[in-house]
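What follows is the content of upload_29.tsv (TSV, N, CA and C atoms).
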chain	number	residue	atom	x	y	z
A	1	VAL	N	-27.08	33.62	55.42
A	1	VAL	CA	-25.93	34.01	54.62
A	1	VAL	C	-26.44	34.64	53.33
A	2	GLN	N	-25.73	35.67	52.89
A	2	GLN	CA	-26.06	36.33	51.62
A	2	GLN	C	-24.98	35.96	50.60
A	3	LEU	N	-25.43	35.68	49.39
A	3	LEU	CA	-24.53	35.28	48.32
A	3	LEU	C	-24.67	36.24	47.15
A	4	GLN	N	-23.55	36.64	46.60
A	4	GLN	CA	-23.53	37.58	45.49
A	4	GLN	C	-22.67	37.01	44.38
A	5	ALA	N	-23.31	36.65	43.27
A	5	ALA	CA	-22.59	36.09	42.13
A	5	ALA	C	-22.20	37.17	41.14
A	6	SER	N	-21.07	36.96	40.49
A	6	SER	CA	-20.61	37.90	39.48
A	6	SER	C	-19.66	37.20	38.52
A	7	GLY	N	-19.37	37.86	37.40
A	7	GLY	CA	-18.35	37.35	36.50
A	7	GLY	C	-18.85	36.80	35.19
A	8	GLY	N	-20.16	36.80	34.96
A	8	GLY	CA	-20.68	36.28	33.71
A	8	GLY	C	-20.38	37.19	32.53
A	9	GLY	N	-20.72	36.71	31.34
A	9	GLY	CA	-20.52	37.50	30.14
A	9	GLY	C	-20.44	36.60	28.92
A	10	LEU	N	-19.91	37.17	27.86
A	10	LEU	CA	-19.80	36.48	26.58
A	10	LEU	C	-18.38	35.97	26.39
A	11	VAL	N	-18.26	34.71	25.97
A	11	VAL	CA	-16.95	34.12	25.73
A	11	VAL	C	-17.05	33.24	24.49
A	12	GLN	N	-15.97	33.12	23.77
A	12	GLN	CA	-15.95	32.29	22.57
A	12	GLN	C	-15.71	30.83	22.96
A	13	ALA	N	-16.19	29.94	22.12
A	13	ALA	CA	-15.97	28.51	22.35
A	13	ALA	C	-14.48	28.23	22.47
A	14	GLY	N	-14.15	27.41	23.43
A	14	GLY	CA	-12.75	27.11	23.71
A	14	GLY	C	-12.11	28.04	24.71
A	15	GLY	N	-12.81	29.10	25.05
A	15	GLY	CA	-12.28	30.10	25.97
A	15	GLY	C	-12.54	29.77	27.43
A	16	SER	N	-12.18	30.71	28.29
A	16	SER	CA	-12.30	30.53	29.74
A	16	SER	C	-13.01	31.71	30.37
A	17	GLN	N	-13.58	31.44	31.53
A	17	GLN	CA	-14.25	32.49	32.29
A	17	GLN	C	-14.24	32.07	33.75
A	18	ARG	N	-14.21	33.06	34.64
A	18	ARG	CA	-14.26	32.76	36.07
A	18	ARG	C	-15.43	33.48	36.71
A	19	LEU	N	-16.23	32.72	37.42
A	19	LEU	CA	-17.34	33.28	38.18
A	19	LEU	C	-16.94	33.38	39.65
A	20	SER	N	-17.51	34.38	40.32
A	20	SER	CA	-17.25	34.57	41.75
A	20	SER	C	-18.56	34.58	42.51
A	21	CYS	N	-18.51	34.06	43.73
A	21	CYS	CA	-19.67	34.08	44.62
A	21	CYS	C	-19.18	34.55	45.98
A	22	ALA	N	-19.52	35.78	46.33
A	22	ALA	CA	-19.11	36.36	47.60
A	22	ALA	C	-20.15	36.05	48.67
A	23	ALA	N	-19.69	35.55	49.80
A	23	ALA	CA	-20.58	35.17	50.89
A	23	ALA	C	-20.42	36.14	52.06
A	24	SER	N	-21.53	36.47	52.70
A	24	SER	CA	-21.49	37.34	53.86
A	24	SER	C	-22.62	36.97	54.80
A	25	GLY	N	-22.48	37.42	56.04
A	25	GLY	CA	-23.54	37.16	57.00
A	25	GLY	C	-23.11	36.13	58.04
A	26	ARG	N	-23.84	35.07	58.13
A	26	ARG	CA	-23.59	34.02	59.12
A	26	ARG	C	-22.23	33.38	58.95
A	27	THR	N	-21.81	32.69	60.01
A	27	THR	CA	-20.57	31.96	59.93
A	27	THR	C	-20.60	30.97	58.76
A	28	LEU	N	-19.44	30.78	58.17
A	28	LEU	CA	-19.36	29.94	56.98
A	28	LEU	C	-18.85	28.54	57.29
A	29	ASN	N	-18.55	28.27	58.56
A	29	ASN	CA	-17.88	27.02	58.91
A	29	ASN	C	-18.63	25.77	58.46
A	30	LYS	N	-19.94	25.75	58.60
A	30	LYS	CA	-20.71	24.57	58.20
A	30	LYS	C	-21.55	24.86	56.97
A	31	LEU	N	-20.94	25.56	56.06
A	31	LEU	CA	-21.62	25.93	54.84
A	31	LEU	C	-21.03	25.20	53.65
A	32	SER	N	-21.87	24.72	52.78
A	32	SER	CA	-21.45	24.22	51.47
A	32	SER	C	-21.99	25.19	50.43
A	33	ILE	N	-21.17	25.52	49.47
A	33	ILE	CA	-21.59	26.42	48.39
A	33	ILE	C	-21.48	25.68	47.07
A	34	ALA	N	-22.51	25.80	46.28
A	34	ALA	CA	-22.56	25.11	44.99
A	34	ALA	C	-22.85	26.10	43.87
A	35	TRP	N	-22.51	25.68	42.69
A	35	TRP	CA	-22.91	26.38	41.47
A	35	TRP	C	-23.91	25.49	40.74
A	36	PHE	N	-24.99	26.12	40.32
A	36	PHE	CA	-25.98	25.49	39.46
A	36	PHE	C	-26.09	26.33	38.20
A	37	ARG	N	-26.67	25.74	37.18
A	37	ARG	CA	-26.91	26.52	35.96
A	37	ARG	C	-28.23	26.10	35.34
A	38	GLN	N	-28.81	27.04	34.61
A	38	GLN	CA	-30.08	26.77	33.94
A	38	GLN	C	-30.03	27.35	32.54
A	39	ALA	N	-30.11	26.48	31.56
A	39	ALA	CA	-30.14	26.90	30.16
A	39	ALA	C	-31.60	27.13	29.76
A	40	PRO	N	-31.82	27.92	28.73
A	40	PRO	CA	-33.19	28.19	28.27
A	40	PRO	C	-33.96	26.90	27.98
A	41	GLY	N	-35.15	26.78	28.55
A	41	GLY	CA	-35.99	25.62	28.29
A	41	GLY	C	-35.56	24.36	29.01
A	42	LYS	N	-34.58	24.46	29.87
A	42	LYS	CA	-34.09	23.27	30.58
A	42	LYS	C	-34.21	23.47	32.09
A	43	GLU	N	-34.15	22.36	32.80
A	43	GLU	CA	-34.18	22.44	34.25
A	43	GLU	C	-32.81	22.88	34.78
A	44	ARG	N	-32.85	23.42	35.97
A	44	ARG	CA	-31.61	23.82	36.61
A	44	ARG	C	-30.80	22.57	36.96
A	45	GLU	N	-29.51	22.63	36.71
A	45	GLU	CA	-28.67	21.47	36.96
A	45	GLU	C	-27.46	21.82	37.81
A	46	PHE	N	-27.03	20.84	38.55
A	46	PHE	CA	-25.87	20.99	39.42
A	46	PHE	C	-24.60	21.06	38.59
A	47	VAL	N	-23.67	21.92	39.02
A	47	VAL	CA	-22.39	22.04	38.32
A	47	VAL	C	-21.24	21.57	39.23
A	48	ALA	N	-21.10	22.20	40.37
A	48	ALA	CA	-20.01	21.85	41.28
A	48	ALA	C	-20.32	22.42	42.65
A	49	ALA	N	-19.64	21.88	43.67
A	49	ALA	CA	-19.85	22.37	45.03
A	49	ALA	C	-18.58	22.19	45.85
A	50	THR	N	-18.50	22.96	46.92
A	50	THR	CA	-17.37	22.87	47.82
A	50	THR	C	-17.84	23.01	49.26
A	51	ARG	N	-17.20	22.29	50.15
A	51	ARG	CA	-17.45	22.47	51.57
A	51	ARG	C	-16.52	23.56	52.05
A	52	TRP	N	-17.09	24.56	52.76
A	52	TRP	CA	-16.28	25.70	53.12
A	52	TRP	C	-15.11	25.30	54.00
A	53	SER	N	-15.38	24.53	55.04
A	53	SER	CA	-14.29	24.09	55.91
A	53	SER	C	-13.60	22.90	55.26
A	54	GLY	N	-12.33	23.05	55.02
A	54	GLY	CA	-11.56	21.97	54.42
A	54	GLY	C	-11.46	22.03	52.92
A	55	GLY	N	-12.40	22.70	52.28
A	55	GLY	CA	-12.32	22.89	50.84
A	55	GLY	C	-12.60	21.67	49.98
A	56	LEU	N	-13.28	20.64	50.53
A	56	LEU	CA	-13.62	19.48	49.70
A	56	LEU	C	-14.49	19.92	48.53
A	57	THR	N	-14.28	19.30	47.38
A	57	THR	CA	-15.04	19.68	46.20
A	57	THR	C	-15.56	18.46	45.47
A	58	TYR	N	-16.60	18.66	44.71
A	58	TYR	CA	-17.10	17.64	43.79
A	58	TYR	C	-17.83	18.35	42.67
A	59	SER	N	-17.95	17.68	41.52
A	59	SER	CA	-18.55	18.33	40.36
A	59	SER	C	-19.31	17.32	39.51
A	60	ALA	N	-20.13	17.86	38.63
A	60	ALA	CA	-20.90	17.03	37.71
A	60	ALA	C	-19.98	16.44	36.65
A	61	ASP	N	-20.34	15.28	36.16
A	61	ASP	CA	-19.52	14.61	35.14
A	61	ASP	C	-19.38	15.47	33.89
A	62	SER	N	-20.39	16.25	33.58
A	62	SER	CA	-20.38	17.06	32.36
A	62	SER	C	-19.32	18.15	32.37
A	63	VAL	N	-18.82	18.50	33.54
A	63	VAL	CA	-17.83	19.58	33.61
A	63	VAL	C	-16.49	19.14	34.17
A	64	LYS	N	-16.38	17.88	34.57
A	64	LYS	CA	-15.12	17.41	35.13
A	64	LYS	C	-14.00	17.54	34.11
A	65	GLY	N	-12.88	18.02	34.59
A	65	GLY	CA	-11.74	18.23	33.71
A	65	GLY	C	-11.75	19.59	33.02
A	66	ARG	N	-12.89	20.30	33.10
A	66	ARG	CA	-12.98	21.61	32.48
A	66	ARG	C	-13.25	22.71	33.50
A	67	PHE	N	-14.12	22.44	34.46
A	67	PHE	CA	-14.49	23.43	35.46
A	67	PHE	C	-13.86	23.07	36.80
A	68	THR	N	-13.44	24.08	37.53
A	68	THR	CA	-12.85	23.87	38.85
A	68	THR	C	-13.49	24.83	39.85
A	69	ILE	N	-13.96	24.29	40.95
A	69	ILE	CA	-14.51	25.13	42.01
A	69	ILE	C	-13.46	25.25	43.11
A	70	SER	N	-13.36	26.44	43.67
A	70	SER	CA	-12.40	26.67	44.74
A	70	SER	C	-12.93	27.77	45.64
A	71	ARG	N	-12.32	27.93	46.81
A	71	ARG	CA	-12.75	29.01	47.68
A	71	ARG	C	-11.55	29.71	48.27
A	72	ASP	N	-11.72	30.99	48.51
A	72	ASP	CA	-10.71	31.82	49.17
A	72	ASP	C	-11.32	32.22	50.51
A	73	LYS	N	-10.85	31.58	51.57
A	73	LYS	CA	-11.48	31.81	52.87
A	73	LYS	C	-11.19	33.20	53.41
A	74	TYR	N	-10.15	33.85	52.91
A	74	TYR	CA	-9.83	35.20	53.37
A	74	TYR	C	-10.72	36.24	52.70
A	75	LYS	N	-11.17	35.93	51.50
A	75	LYS	CA	-12.06	36.84	50.79
A	75	LYS	C	-13.52	36.40	50.89
A	76	ASN	N	-13.76	35.29	51.59
A	76	ASN	CA	-15.13	34.76	51.71
A	76	ASN	C	-15.78	34.61	50.33
A	77	THR	N	-15.02	34.08	49.40
A	77	THR	CA	-15.49	33.98	48.03
A	77	THR	C	-15.23	32.59	47.46
A	78	VAL	N	-16.19	32.08	46.74
A	78	VAL	CA	-16.06	30.82	46.00
A	78	VAL	C	-15.98	31.15	44.52
A	79	TYR	N	-15.10	30.45	43.84
A	79	TYR	CA	-14.89	30.70	42.41
A	79	TYR	C	-15.27	29.46	41.60
A	80	LEU	N	-15.69	29.71	40.38
A	80	LEU	CA	-15.88	28.64	39.41
A	80	LEU	C	-15.06	29.01	38.18
A	81	GLN	N	-13.94	28.33	38.02
A	81	GLN	CA	-13.09	28.54	36.86
A	81	GLN	C	-13.56	27.62	35.75
A	82	MET	N	-13.93	28.20	34.63
A	82	MET	CA	-14.47	27.42	33.52
A	82	MET	C	-13.52	27.51	32.34
A	83	ASN	N	-13.01	26.38	31.90
A	83	ASN	CA	-12.09	26.31	30.77
A	83	ASN	C	-12.69	25.45	29.66
A	84	SER	N	-12.12	25.56	28.50
A	84	SER	CA	-12.57	24.77	27.33
A	84	SER	C	-14.08	24.82	27.20
A	85	MET	N	-14.61	26.01	27.24
A	85	MET	CA	-16.05	26.17	27.22
A	85	MET	C	-16.63	25.91	25.84
A	86	ASN	N	-17.86	25.43	25.83
A	86	ASN	CA	-18.55	25.18	24.56
A	86	ASN	C	-19.96	25.77	24.65
A	87	PRO	N	-20.64	25.89	23.53
A	87	PRO	CA	-21.97	26.52	23.54
A	87	PRO	C	-22.97	25.85	24.49
A	88	GLU	N	-22.78	24.57	24.79
A	88	GLU	CA	-23.68	23.88	25.72
A	88	GLU	C	-23.53	24.38	27.15
A	89	ASP	N	-22.49	25.16	27.41
A	89	ASP	CA	-22.30	25.75	28.74
A	89	ASP	C	-23.08	27.05	28.91
A	90	THR	N	-23.70	27.51	27.85
A	90	THR	CA	-24.50	28.73	27.92
A	90	THR	C	-25.67	28.54	28.86
A	91	ALA	N	-25.77	29.42	29.85
A	91	ALA	CA	-26.82	29.29	30.86
A	91	ALA	C	-26.73	30.46	31.82
A	92	VAL	N	-27.75	30.57	32.66
A	92	VAL	CA	-27.65	31.45	33.81
A	92	VAL	C	-27.06	30.62	34.95
A	93	TYR	N	-26.00	31.11	35.53
A	93	TYR	CA	-25.31	30.40	36.60
A	93	TYR	C	-25.69	31.02	37.94
A	94	TYR	N	-25.98	30.15	38.89
A	94	TYR	CA	-26.36	30.58	40.23
A	94	TYR	C	-25.42	29.96	41.27
A	95	CYS	N	-25.10	30.73	42.30
A	95	CYS	CA	-24.44	30.10	43.43
A	95	CYS	C	-25.47	29.94	44.55
A	96	ALA	N	-25.32	28.89	45.29
A	96	ALA	CA	-26.28	28.55	46.33
A	96	ALA	C	-25.56	27.97	47.54
A	97	GLY	N	-26.16	28.13	48.70
A	97	GLY	CA	-25.54	27.63	49.92
A	97	GLY	C	-26.49	26.82	50.77
A	98	ARG	N	-25.93	25.86	51.48
A	98	ARG	CA	-26.71	25.08	52.45
A	98	ARG	C	-25.83	24.83	53.67
A	99	TYR	N	-26.45	24.84	54.81
A	99	TYR	CA	-25.74	24.50	56.03
A	99	TYR	C	-25.93	23.03	56.34
A	100	TRP	N	-24.84	22.37	56.66
A	100	TRP	CA	-24.92	20.96	57.02
A	100	TRP	C	-24.84	20.80	58.53
A	101	GLY	N	-25.38	19.72	59.04
A	101	GLY	CA	-25.50	19.52	60.47
A	101	GLY	C	-24.32	18.80	61.08
A	102	ASN	N	-24.54	17.60	61.55
A	102	ASN	CA	-23.50	16.86	62.26
A	102	ASN	C	-22.48	16.24	61.31
A	103	TYR	N	-22.88	15.98	60.11
A	103	TYR	CA	-21.93	15.42	59.15
A	103	TYR	C	-22.23	15.99	57.77
A	104	TRP	N	-21.19	16.07	57.00
A	104	TRP	CA	-21.28	16.64	55.66
A	104	TRP	C	-21.47	15.54	54.64
A	105	TYR	N	-22.19	15.83	53.58
A	105	TYR	CA	-22.36	14.87	52.50
A	105	TYR	C	-22.50	15.64	51.20
A	106	LYS	N	-22.23	14.97	50.11
A	106	LYS	CA	-22.37	15.59	48.81
A	106	LYS	C	-23.85	15.77	48.50
A	107	GLU	N	-24.20	16.94	47.95
A	107	GLU	CA	-25.59	17.23	47.64
A	107	GLU	C	-25.69	17.95	46.32
A	108	ALA	N	-26.42	17.39	45.38
A	108	ALA	CA	-26.58	17.99	44.06
A	108	ALA	C	-28.02	18.39	43.78
A	109	ASP	N	-28.89	18.22	44.76
A	109	ASP	CA	-30.30	18.56	44.59
A	109	ASP	C	-30.49	20.03	44.95
A	110	ASP	N	-30.92	20.82	44.00
A	110	ASP	CA	-31.05	22.27	44.27
A	110	ASP	C	-32.10	22.57	45.33
A	111	ALA	N	-33.04	21.67	45.53
A	111	ALA	CA	-34.08	21.90	46.53
A	111	ALA	C	-33.51	21.88	47.95
A	112	LYS	N	-32.32	21.31	48.12
A	112	LYS	CA	-31.72	21.22	49.45
A	112	LYS	C	-30.88	22.46	49.80
A	113	TYR	N	-30.78	23.38	48.89
A	113	TYR	CA	-30.01	24.60	49.12
A	113	TYR	C	-30.97	25.73	49.48
A	114	GLU	N	-30.74	26.32	50.66
A	114	GLU	CA	-31.69	27.32	51.17
A	114	GLU	C	-31.35	28.74	50.76
A	115	HIS	N	-30.11	28.98	50.44
A	115	HIS	CA	-29.67	30.35	50.19
A	115	HIS	C	-29.17	30.48	48.74
A	116	TRP	N	-29.66	31.49	48.06
A	116	TRP	CA	-29.35	31.64	46.64
A	116	TRP	C	-28.90	33.07	46.34
A	117	GLY	N	-27.89	33.16	45.47
A	117	GLY	CA	-27.52	34.45	44.94
A	117	GLY	C	-28.29	34.72	43.67
A	118	GLN	N	-28.14	35.91	43.14
A	118	GLN	CA	-28.80	36.19	41.88
A	118	GLN	C	-28.02	35.48	40.77
A	119	GLY	N	-28.62	35.23	39.67
A	119	GLY	CA	-27.96	34.54	38.57
A	119	GLY	C	-27.06	35.47	37.78
A	120	THR	N	-26.11	34.87	37.11
A	120	THR	CA	-25.25	35.62	36.21
A	120	THR	C	-25.21	34.89	34.87
A	121	GLN	N	-25.46	35.62	33.80
A	121	GLN	CA	-25.56	35.02	32.47
A	121	GLN	C	-24.19	34.72	31.90
A	122	VAL	N	-24.03	33.50	31.42
A	122	VAL	CA	-22.81	33.10	30.71
A	122	VAL	C	-23.23	32.66	29.32
A	123	THR	N	-22.65	33.26	28.31
A	123	THR	CA	-22.97	32.92	26.92
A	123	THR	C	-21.70	32.53	26.19
A	124	VAL	N	-21.72	31.35	25.59
A	124	VAL	CA	-20.57	30.86	24.85
A	124	VAL	C	-20.93	30.85	23.37
A	125	SER	N	-20.21	31.60	22.58
A	125	SER	CA	-20.49	31.68	21.15
A	125	SER	C	-19.65	30.67	20.39
A	126	SER	N	-20.22	30.13	19.32
A	126	SER	CA	-19.51	29.11	18.54
A	126	SER	C	-18.68	29.73	17.44

Step by step, read the file and then write its structure as structure tokens.
Amino acid sequence: VQLQASGGGLVQAGGSQRLSCAASGRTLNKLSIAWFRQAPGKEREFVAATRWSGGLTYSADSVKGRFTISRDKYKNTVYLQMNSMNPEDTAVYYCAGRYWGNYWYKEADDAKYEHWGQGTQVTVSS
């Protein structure tokens, strides 16, 4: 599967931004897509993920109540809606995909994701 991220840019603190991750290639039925982010000098961290079939979602505690992940199965696109943003959200955001086997489970370890899109820079000014 190929993933294409877009939607980054500059936003003021308290503002909102939406990222998109377009998926193409292999069937998406057993695919989970996640968003990760990496701030300068920090390790990459999990943000949120969704199971393509059924649309189950989960997210990191640091973004709960502010960020929402969703998918549009007709557009083969996963979105990350980010609200109430603060400067600590500044990072390069990546979308990533993994195929699950017989059963699905929540996965926040970036090493378990085999497919990656290019990063998109998000900068939140104070």

Close residues, Val11 in chain A itself excluded, 6 Å, all atoms listed in the file, min 4 positions apart in chain, as a list in words:
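With the cut-off at 6 Å, the set is Gly15, Thr123, Val124 and Ser125 of chain A.
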
Compare A:Gly14, A:Val78, A:Lys106, A:Cys95 by their minimum atom-to-atom distance to Tyr58 in chain A, counting all atoms listed in the file, and give me the closest one.
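Closest to Tyr58 in chain A, using all atoms listed in the file: A:Lys106.
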
Quick check for you: according to DSSP on this backbone, which residues of chain A are classed as strand (DSSP E or B)? Reply as a PyMOL selection string.
chain A and resi 2-6+9-12+17-24+31-38+45-51+57-59+67-72+77-82+91-99+115-116+120-125

Compile the contact shell of range 60-75 of chain A as a PDB file with N, CA and C atoms, in the coordinates of the input: residues with an atom at most 6 Å away, counting all atoms listed in the file, same-chain residues fewer than 2 positions apart removed.
ATOM      1  N   PHE A  46     -27.030  20.840  38.550  1.00  0.00           N
ATOM      2  CA  PHE A  46     -25.870  20.990  39.420  1.00  0.00           C
ATOM      3  C   PHE A  46     -24.600  21.060  38.590  1.00  0.00           C
ATOM      4  N   VAL A  47     -23.670  21.920  39.020  1.00  0.00           N
ATOM      5  CA  VAL A  47     -22.390  22.040  38.320  1.00  0.00           C
ATOM      6  C   VAL A  47     -21.240  21.570  39.230  1.00  0.00           C
ATOM      7  N   ALA A  48     -21.100  22.200  40.370  1.00  0.00           N
ATOM      8  CA  ALA A  48     -20.010  21.850  41.280  1.00  0.00           C
ATOM      9  C   ALA A  48     -20.320  22.420  42.650  1.00  0.00           C
ATOM     10  N   TYR A  58     -16.600  18.660  44.710  1.00  0.00           N
ATOM     11  CA  TYR A  58     -17.100  17.640  43.790  1.00  0.00           C
ATOM     12  C   TYR A  58     -17.830  18.350  42.670  1.00  0.00           C
ATOM     13  N   THR A  77     -15.020  34.080  49.400  1.00  0.00           N
ATOM     14  CA  THR A  77     -15.490  33.980  48.030  1.00  0.00           C
ATOM     15  C   THR A  77     -15.230  32.590  47.460  1.00  0.00           C
ATOM     16  N   VAL A  78     -16.190  32.080  46.740  1.00  0.00           N
ATOM     17  CA  VAL A  78     -16.060  30.820  46.000  1.00  0.00           C
ATOM     18  C   VAL A  78     -15.980  31.150  44.520  1.00  0.00           C
ATOM     19  N   TYR A  79     -15.100  30.450  43.840  1.00  0.00           N
ATOM     20  CA  TYR A  79     -14.890  30.700  42.410  1.00  0.00           C
ATOM     21  C   TYR A  79     -15.270  29.460  41.600  1.00  0.00           C
ATOM     22  N   LEU A  80     -15.690  29.710  40.380  1.00  0.00           N
ATOM     23  CA  LEU A  80     -15.880  28.640  39.410  1.00  0.00           C
ATOM     24  C   LEU A  80     -15.060  29.010  38.180  1.00  0.00           C
ATOM     25  N   GLN A  81     -13.940  28.330  38.020  1.00  0.00           N
ATOM     26  CA  GLN A  81     -13.090  28.540  36.860  1.00  0.00           C
ATOM     27  C   GLN A  81     -13.560  27.620  35.750  1.00  0.00           C
ATOM     28  N   MET A  82     -13.930  28.200  34.630  1.00  0.00           N
ATOM     29  CA  MET A  82     -14.470  27.420  33.520  1.00  0.00           C
ATOM     30  C   MET A  82     -13.520  27.510  32.340  1.00  0.00           C
ATOM     31  N   ASN A  83     -13.010  26.380  31.900  1.00  0.00           N
ATOM     32  CA  ASN A  83     -12.090  26.310  30.770  1.00  0.00           C
ATOM     33  C   ASN A  83     -12.690  25.450  29.660  1.00  0.00           C
ATOM     34  N   SER A  84     -12.120  25.560  28.500  1.00  0.00           N
ATOM     35  CA  SER A  84     -12.570  24.770  27.330  1.00  0.00           C
ATOM     36  C   SER A  84     -14.080  24.820  27.200  1.00  0.00           C
TER      37      SER A  84
END

Looking at A:Val1, A:Leu10, A:Ala39, A:Met85, which one is nearest to Arg26 in chain A, with distances taken over only C-alpha atoms?
A:Val1

Give me every helix (DSSP H, G or I) residue in chain A, going by DSSP on the backbone, as a PDB file with N, CA and C atoms, in the frame of the given file.
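File out.pdb, as written:
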ATOM      1  N   PRO A  87     -20.640  25.890  23.530  1.00  0.00           N
ATOM      2  CA  PRO A  87     -21.970  26.520  23.540  1.00  0.00           C
ATOM      3  C   PRO A  87     -22.970  25.850  24.490  1.00  0.00           C
ATOM      4  N   GLU A  88     -22.780  24.570  24.790  1.00  0.00           N
ATOM      5  CA  GLU A  88     -23.680  23.880  25.720  1.00  0.00           C
ATOM      6  C   GLU A  88     -23.530  24.380  27.150  1.00  0.00           C
ATOM      7  N   ASP A  89     -22.490  25.160  27.410  1.00  0.00           N
ATOM      8  CA  ASP A  89     -22.300  25.750  28.740  1.00  0.00           C
ATOM      9  C   ASP A  89     -23.080  27.050  28.910  1.00  0.00           C
ATOM     10  N   ASP A 110     -30.920  20.820  44.000  1.00  0.00           N
ATOM     11  CA  ASP A 110     -31.050  22.270  44.270  1.00  0.00           C
ATOM     12  C   ASP A 110     -32.100  22.570  45.330  1.00  0.00           C
ATOM     13  N   ALA A 111     -33.040  21.670  45.530  1.00  0.00           N
ATOM     14  CA  ALA A 111     -34.080  21.900  46.530  1.00  0.00           C
ATOM     15  C   ALA A 111     -33.510  21.880  47.950  1.00  0.00           C
ATOM     16  N   LYS A 112     -32.320  21.310  48.120  1.00  0.00           N
ATOM     17  CA  LYS A 112     -31.720  21.220  49.450  1.00  0.00           C
ATOM     18  C   LYS A 112     -30.880  22.460  49.800  1.00  0.00           C
TER      19      LYS A 112
END

Pick out the closest residue to Gly117 in chain A from this set: A:Gly41, A:Gln2, A:Trp100, A:Thr27. Count all atoms listed in the file.
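Residue with the minimum atom-to-atom distance to Gly117 in chain A: A:Gln2.
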
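Closest to Ser20 in chain A among A:Trp52, A:Thr120, A:Tyr105, A:Tyr113 is A:Thr120, based on only C-alpha atoms.
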
Applying 8 Å and all atoms listed in the file, which residues near Gly7 in chain A remain after dropping the ones on its own chain fewer than 4 positions away? List them as a PyMOL selection string.
chain A and resi 17-21+120-122

Once you have the residues from the selection above, write them out as a tab-separated table (two decimals), in the frame of the given file, restricted to N, CA and C atoms.
chain	number	residue	atom	x	y	z
A	17	GLN	N	-13.58	31.44	31.53
A	17	GLN	CA	-14.25	32.49	32.29
A	17	GLN	C	-14.24	32.07	33.75
A	18	ARG	N	-14.21	33.06	34.64
A	18	ARG	CA	-14.26	32.76	36.07
A	18	ARG	C	-15.43	33.48	36.71
A	19	LEU	N	-16.23	32.72	37.42
A	19	LEU	CA	-17.34	33.28	38.18
A	19	LEU	C	-16.94	33.38	39.65
A	20	SER	N	-17.51	34.38	40.32
A	20	SER	CA	-17.25	34.57	41.75
A	20	SER	C	-18.56	34.58	42.51
A	21	CYS	N	-18.51	34.06	43.73
A	21	CYS	CA	-19.67	34.08	44.62
A	21	CYS	C	-19.18	34.55	45.98
A	120	THR	N	-26.11	34.87	37.11
A	120	THR	CA	-25.25	35.62	36.21
A	120	THR	C	-25.21	34.89	34.87
A	121	GLN	N	-25.46	35.62	33.80
A	121	GLN	CA	-25.56	35.02	32.47
A	121	GLN	C	-24.19	34.72	31.90
A	122	VAL	N	-24.03	33.50	31.42
A	122	VAL	CA	-22.81	33.10	30.71
A	122	VAL	C	-23.23	32.66	29.32

Closest to Pro87 in chain A among A:Glu43, A:Ser6, A:Ser126, A:Ala23, using only C-alpha atoms?
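Among A:Glu43, A:Ser6, A:Ser126, A:Ala23, it is A:Ser126 that comes nearest to Pro87 in chain A.
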
Please list as a ChimeraX atom specification every residue within 6 Å of Trp116 in chain A, counting all atoms listed in the file and excluding residues in the same chain fewer than 5 positions away.
/A:3,95-97

Dump N, CA and C atoms for the selected residues as a short mmCIF file (atom, residue, chain, number, x, y, z; two decimals), in the frame of the given file?
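File out.cif, as written:
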data_model
loop_
_atom_site.label_atom_id
_atom_site.label_comp_id
_atom_site.auth_asym_id
_atom_site.auth_seq_id
_atom_site.Cartn_x
_atom_site.Cartn_y
_atom_site.Cartn_z
N LEU A 3 -25.43 35.68 49.39
CA LEU A 3 -24.53 35.28 48.32
C LEU A 3 -24.67 36.24 47.15
N CYS A 95 -25.10 30.73 42.30
CA CYS A 95 -24.44 30.10 43.43
C CYS A 95 -25.47 29.94 44.55
N ALA A 96 -25.32 28.89 45.29
CA ALA A 96 -26.28 28.55 46.33
C ALA A 96 -25.56 27.97 47.54
N GLY A 97 -26.16 28.13 48.70
CA GLY A 97 -25.54 27.63 49.92
C GLY A 97 -26.49 26.82 50.77
#

Go through A:Glu88, A:Gly8, A:His115, A:Lys30 one by one, measure the shortest atom-to-atom distance of each to Gly101 in chain A using all atoms listed in the file, and give the residue with the smallest value.
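For Gly101 in chain A, the nearest of the given residues is A:Lys30.
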
Near Asp110 in chain A, counting all atoms listed in the file, which residues have an atom at most 8 Å away, once you skip same-chain residues fewer than 2 positions from it, shown as a PyMOL selection string?
chain A and resi 36+44-46+107-108+112-114

Restricting it to N, CA and C atoms, dump the selection as a short mmCIF file (atom, residue, chain, number, x, y, z; two decimals), keeping the file's coordinate frame.
data_model
loop_
_atom_site.label_atom_id
_atom_site.label_comp_id
_atom_site.auth_asym_id
_atom_site.auth_seq_id
_atom_site.Cartn_x
_atom_site.Cartn_y
_atom_site.Cartn_z
N PHE A 36 -24.99 26.12 40.32
CA PHE A 36 -25.98 25.49 39.46
C PHE A 36 -26.09 26.33 38.20
N ARG A 44 -32.85 23.42 35.97
CA ARG A 44 -31.61 23.82 36.61
C ARG A 44 -30.80 22.57 36.96
N GLU A 45 -29.51 22.63 36.71
CA GLU A 45 -28.67 21.47 36.96
C GLU A 45 -27.46 21.82 37.81
N PHE A 46 -27.03 20.84 38.55
CA PHE A 46 -25.87 20.99 39.42
C PHE A 46 -24.60 21.06 38.59
N GLU A 107 -24.20 16.94 47.95
CA GLU A 107 -25.59 17.23 47.64
C GLU A 107 -25.69 17.95 46.32
N ALA A 108 -26.42 17.39 45.38
CA ALA A 108 -26.58 17.99 44.06
C ALA A 108 -28.02 18.39 43.78
N LYS A 112 -32.32 21.31 48.12
CA LYS A 112 -31.72 21.22 49.45
C LYS A 112 -30.88 22.46 49.80
N TYR A 113 -30.78 23.38 48.89
CA TYR A 113 -30.01 24.60 49.12
C TYR A 113 -30.97 25.73 49.48
N GLU A 114 -30.74 26.32 50.66
CA GLU A 114 -31.69 27.32 51.17
C GLU A 114 -31.35 28.74 50.76
#

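Note that the spacing between CA of Gly119 in chain A and atom C of Tyr94 in chain A amounts to 5.9 Å.
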
So the first atom is atom N of Leu56 in chain A and the second is atom N of Asn86 in chain A; what is the distance between them in Å, to one decimal place?
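Separation of atom N of Leu56 in chain A and atom N of Asn86 in chain A: 25.6 Å.
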